[in-house]
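Inspection log for the structure reproduced underneath, given as structure tokens.
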Amino acid sequence: MAGIAARRLPARAHRFQPLGHRAPAEPVSARFPLRLLTGRLPAQVSIDRAAAAADVQAGMPSSALPLPQRPTLRLHPADAQRRGLAPGELVRVSGRHGQFVLPLEPSHEVNSGTAFATIRPCALATADDADEACVPAADFEHAAVRLERAGLGWHLLAARRGDARALRAALRPLLRECGYAAAVLHRAPASAAAWVVVHAAAAQPMPADWLAALVQALALHTGPDTLEYRDPRRGLERRVAWRRSADAEHVDGLLWAGTDAGGNALLATALAGNPWRGPRMAAFSAASTPARVVHA
């Protein structure tokens with residue numbers, strides 16, 4: 001039993017990397033009933049560390065492949081249930097020093113009364129960090145906080161294959177205008193190609209000129225290998241770009257924006273490197289409302 005415990009302990013200890021700064025713990029109260037801890041997961045450090053795991057997954061079906069891991073707020077399931085919060089829902093974390101937004105991840109590994117934010121401190125940001133979301137660690141480590149729904153009804157999922165770090169740099173000023181944003185770098189399976197994957201949200205649909213700038217930054221212009229589906233009045237914009245090879249074509253980029261979140265299945269197919277099967281219009285099969293389609 002001692003041997004088994006000795007082998008298990010390093011694996012569990014490696015899951016979370018606490019931040020070095022340790023601020024004095026703030027007392028919880030009726031207004032701020034949860035204590036926040038911050039840290040980062042090893043998978044969030046560098047896209048190169050994820051390359052080996054991606055290669056192992058190369059033969060798996062896209063439905064079985066995990067999507068790139070973005071920063072989350074981990075909360076005991078009972079605490080989430082009491083607050084009526086669902087997995088993946090964007091929640092606002094507010095404390096005496098400010099606030100930030102993260103998607104919720106219920107976890108039994110977090111004690112009741114504690115929230116764990118898998119983020120990095122802005123002060124430690126480097127070009128190799130995969131996640132874009134950050135908060136001032138000195139202000140939030142061991143802070144007393146409260147949680148509430150973020151109330152961000154417009155959602156964006158976008159991804160592009162290419163020079164992922166350059167793409168993320170081009171996207172950074174645009175994403176700062178959103179109520180929530182995270183840009184994650186992802187290495188494609190069995191390939192040197194990398195992707196930047198963006199999740200963002202806002203209280204209202206982002207304006208047309210912002211969406212146009214996003215399309216420009218992602219190089220998703222309408223063309224022979226790009227399909228567009230949009231409704232500007234509702235802030236709805238969907239684009240899929242393909243790349244062609246000798247015997248198949250693959251999804252090379254996508255943008256899925258609107259009040260209805262979606263696009264994860266398409267993203268999984270793209271990141272797995274699986275060939276696209278069937279008509280291109282099927283990429284928009286999850287669209288719930290009619291809109292103008294442009295096919296060049």
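Letters for chains follow the order of the structure tokens (A, B, ...), residue numbers begin at 1 for each chain, and ligand numbers begin at 1 in the order shown.
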
Out of range 85-284 of chain A, which residues get strand (DSSP E or B) from DSSP, as number ranges by chain?
A: 90-95, 98-106, 114-118, 120-121, 134-135, 143-149, 154-162, 180-187, 194-202, 223, 226-231, 236-244, 249-258

By how many Å are CA of Pro205 in chain A and CA of Glu177 in chain A apart?
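About the pair CA of Pro205 in chain A and CA of Glu177 in chain A: they are 11.7 Å apart.
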
I'd like the contact shell of range 247-254 of chain A - 12 Å cut-off, only C-alpha atoms, skipping same-chain residues fewer than 5 positions apart - returned as a ChimeraX atom specification.
/A:156-162,164,167,188,193-199,214-215,217-222,225-229,237-242,262-280,283-284

Residue among A:Ala200, A:Val184, A:Val28, A:Leu34 lying closest to Pro103 in chain A, counting only C-alpha atoms:
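Ranking A:Ala200, A:Val184, A:Val28, A:Leu34 by distance to Pro103 in chain A, first place goes to A:Ala200.
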
For range 147-150 of chain A, list every protein, DNA or RNA residue within 7 Å, evaluated using only C-alpha atoms, and leave out those in the same chain fewer than 6 positions away; present the list as number ranges by chain.
A: 90-94, 101

Please return, as a PyMOL selection string, all residues of range 128-267 of chain A that DSSP assigns to alpha helix (DSSP H) on the basis of the backbone.
chain A and resi 137-140+164-175+208-218+264-267

Write the residues of the selection above to a file with N, CA and C atoms, as an mmCIF file, in the first residue's frame.
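Saved as part-v9.cif:
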```cif
data_model
loop_
_atom_site.group_PDB
_atom_site.id
_atom_site.type_symbol
_atom_site.label_atom_id
_atom_site.label_comp_id
_atom_site.auth_asym_id
_atom_site.auth_seq_id
_atom_site.Cartn_x
_atom_site.Cartn_y
_atom_site.Cartn_z
ATOM 1 N N ALA A 137 -2.378 38.109 -9.527
ATOM 2 C CA ALA A 137 -2.346 37.081 -8.484
ATOM 3 C C ALA A 137 -2.203 37.673 -7.093
ATOM 4 N N ALA A 138 -1.452 38.759 -6.983
ATOM 5 C CA ALA A 138 -1.226 39.349 -5.664
ATOM 6 C C ALA A 138 -2.523 39.832 -5.030
ATOM 7 N N ASP A 139 -3.503 40.184 -5.869
ATOM 8 C CA ASP A 139 -4.771 40.689 -5.354
ATOM 9 C C ASP A 139 -5.773 39.582 -5.060
ATOM 10 N N PHE A 140 -5.670 38.438 -5.758
ATOM 11 C CA PHE A 140 -6.713 37.430 -5.657
ATOM 12 C C PHE A 140 -6.308 36.142 -4.949
ATOM 13 N N ALA A 164 0.520 30.323 -34.851
ATOM 14 C CA ALA A 164 -0.446 30.537 -33.774
ATOM 15 C C ALA A 164 -0.089 31.719 -32.894
ATOM 16 N N ARG A 165 1.180 31.889 -32.572
ATOM 17 C CA ARG A 165 1.566 33.006 -31.693
ATOM 18 C C ARG A 165 1.358 34.352 -32.390
ATOM 19 N N ALA A 166 1.660 34.421 -33.682
ATOM 20 C CA ALA A 166 1.427 35.669 -34.420
ATOM 21 C C ALA A 166 -0.066 35.963 -34.509
ATOM 22 N N LEU A 167 -0.862 34.920 -34.714
ATOM 23 C CA LEU A 167 -2.308 35.096 -34.753
ATOM 24 C C LEU A 167 -2.829 35.607 -33.415
ATOM 25 N N ARG A 168 -2.315 35.029 -32.331
ATOM 26 C CA ARG A 168 -2.781 35.463 -31.009
ATOM 27 C C ARG A 168 -2.396 36.911 -30.741
ATOM 28 N N ALA A 169 -1.206 37.303 -31.178
ATOM 29 C CA ALA A 169 -0.786 38.693 -30.988
ATOM 30 C C ALA A 169 -1.698 39.647 -31.751
ATOM 31 N N ALA A 170 -2.122 39.257 -32.952
ATOM 32 C CA ALA A 170 -3.024 40.098 -33.736
ATOM 33 C C ALA A 170 -4.403 40.181 -33.108
ATOM 34 N N LEU A 171 -4.804 39.111 -32.423
ATOM 35 C CA LEU A 171 -6.126 39.062 -31.807
ATOM 36 C C LEU A 171 -6.192 39.801 -30.471
ATOM 37 N N ARG A 172 -5.063 39.923 -29.778
ATOM 38 C CA ARG A 172 -5.050 40.425 -28.399
ATOM 39 C C ARG A 172 -5.785 41.758 -28.232
ATOM 40 N N PRO A 173 -5.530 42.797 -29.052
ATOM 41 C CA PRO A 173 -6.247 44.069 -28.823
ATOM 42 C C PRO A 173 -7.754 43.953 -29.039
ATOM 43 N N LEU A 174 -8.187 43.065 -29.912
ATOM 44 C CA LEU A 174 -9.619 42.876 -30.127
ATOM 45 C C LEU A 174 -10.263 42.175 -28.948
ATOM 46 N N LEU A 175 -9.593 41.169 -28.414
ATOM 47 C CA LEU A 175 -10.168 40.390 -27.326
ATOM 48 C C LEU A 175 -10.289 41.205 -26.044
ATOM 49 N N ALA A 208 -20.233 45.315 -36.098
ATOM 50 C CA ALA A 208 -19.799 44.754 -37.386
ATOM 51 C C ALA A 208 -18.338 45.052 -37.675
ATOM 52 N N ASP A 209 -17.873 46.264 -37.316
ATOM 53 C CA ASP A 209 -16.471 46.581 -37.608
ATOM 54 C C ASP A 209 -15.520 45.747 -36.753
ATOM 55 N N TRP A 210 -15.938 45.385 -35.539
ATOM 56 C CA TRP A 210 -15.120 44.509 -34.695
ATOM 57 C C TRP A 210 -15.032 43.120 -35.314
ATOM 58 N N LEU A 211 -16.173 42.590 -35.782
ATOM 59 C CA LEU A 211 -16.165 41.283 -36.425
ATOM 60 C C LEU A 211 -15.324 41.304 -37.697
ATOM 61 N N ALA A 212 -15.387 42.404 -38.442
ATOM 62 C CA ALA A 212 -14.581 42.521 -39.657
ATOM 63 C C ALA A 212 -13.090 42.501 -39.323
ATOM 64 N N ALA A 213 -12.721 43.180 -38.233
ATOM 65 C CA ALA A 213 -11.320 43.176 -37.807
ATOM 66 C C ALA A 213 -10.889 41.783 -37.350
ATOM 67 N N LEU A 214 -11.799 41.058 -36.713
ATOM 68 C CA LEU A 214 -11.490 39.696 -36.283
ATOM 69 C C LEU A 214 -11.269 38.787 -37.492
ATOM 70 N N VAL A 215 -12.131 38.907 -38.492
ATOM 71 C CA VAL A 215 -11.967 38.131 -39.727
ATOM 72 C C VAL A 215 -10.630 38.451 -40.374
ATOM 73 N N GLN A 216 -10.252 39.727 -40.372
ATOM 74 C CA GLN A 216 -8.970 40.151 -40.929
ATOM 75 C C GLN A 216 -7.811 39.526 -40.161
ATOM 76 N N ALA A 217 -7.882 39.558 -38.830
ATOM 77 C CA ALA A 217 -6.800 39.008 -38.005
ATOM 78 C C ALA A 217 -6.653 37.505 -38.196
ATOM 79 N N LEU A 218 -7.764 36.816 -38.427
ATOM 80 C CA LEU A 218 -7.726 35.363 -38.603
ATOM 81 C C LEU A 218 -7.549 34.945 -40.059
ATOM 82 N N ASN A 264 -18.322 23.382 -31.322
ATOM 83 C CA ASN A 264 -17.329 22.509 -30.699
ATOM 84 C C ASN A 264 -17.069 21.242 -31.509
ATOM 85 N N ALA A 265 -18.124 20.666 -32.096
ATOM 86 C CA ALA A 265 -17.927 19.454 -32.894
ATOM 87 C C ALA A 265 -17.061 19.749 -34.123
ATOM 88 N N LEU A 266 -17.306 20.883 -34.754
ATOM 89 C CA LEU A 266 -16.504 21.289 -35.900
ATOM 90 C C LEU A 266 -15.062 21.538 -35.488
ATOM 91 N N LEU A 267 -14.875 22.166 -34.326
ATOM 92 C CA LEU A 267 -13.532 22.415 -33.816
ATOM 93 C C LEU A 267 -12.791 21.107 -33.550
#
```

Identify which of the residues A:Gly179, A:Gly235, A:Gly113, A:Gly88 lies closest to Leu37 in chain A, counting only C-alpha atoms when measuring atom-to-atom distances.
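Distance minimum relative to Leu37 in chain A lands on A:Gly113.
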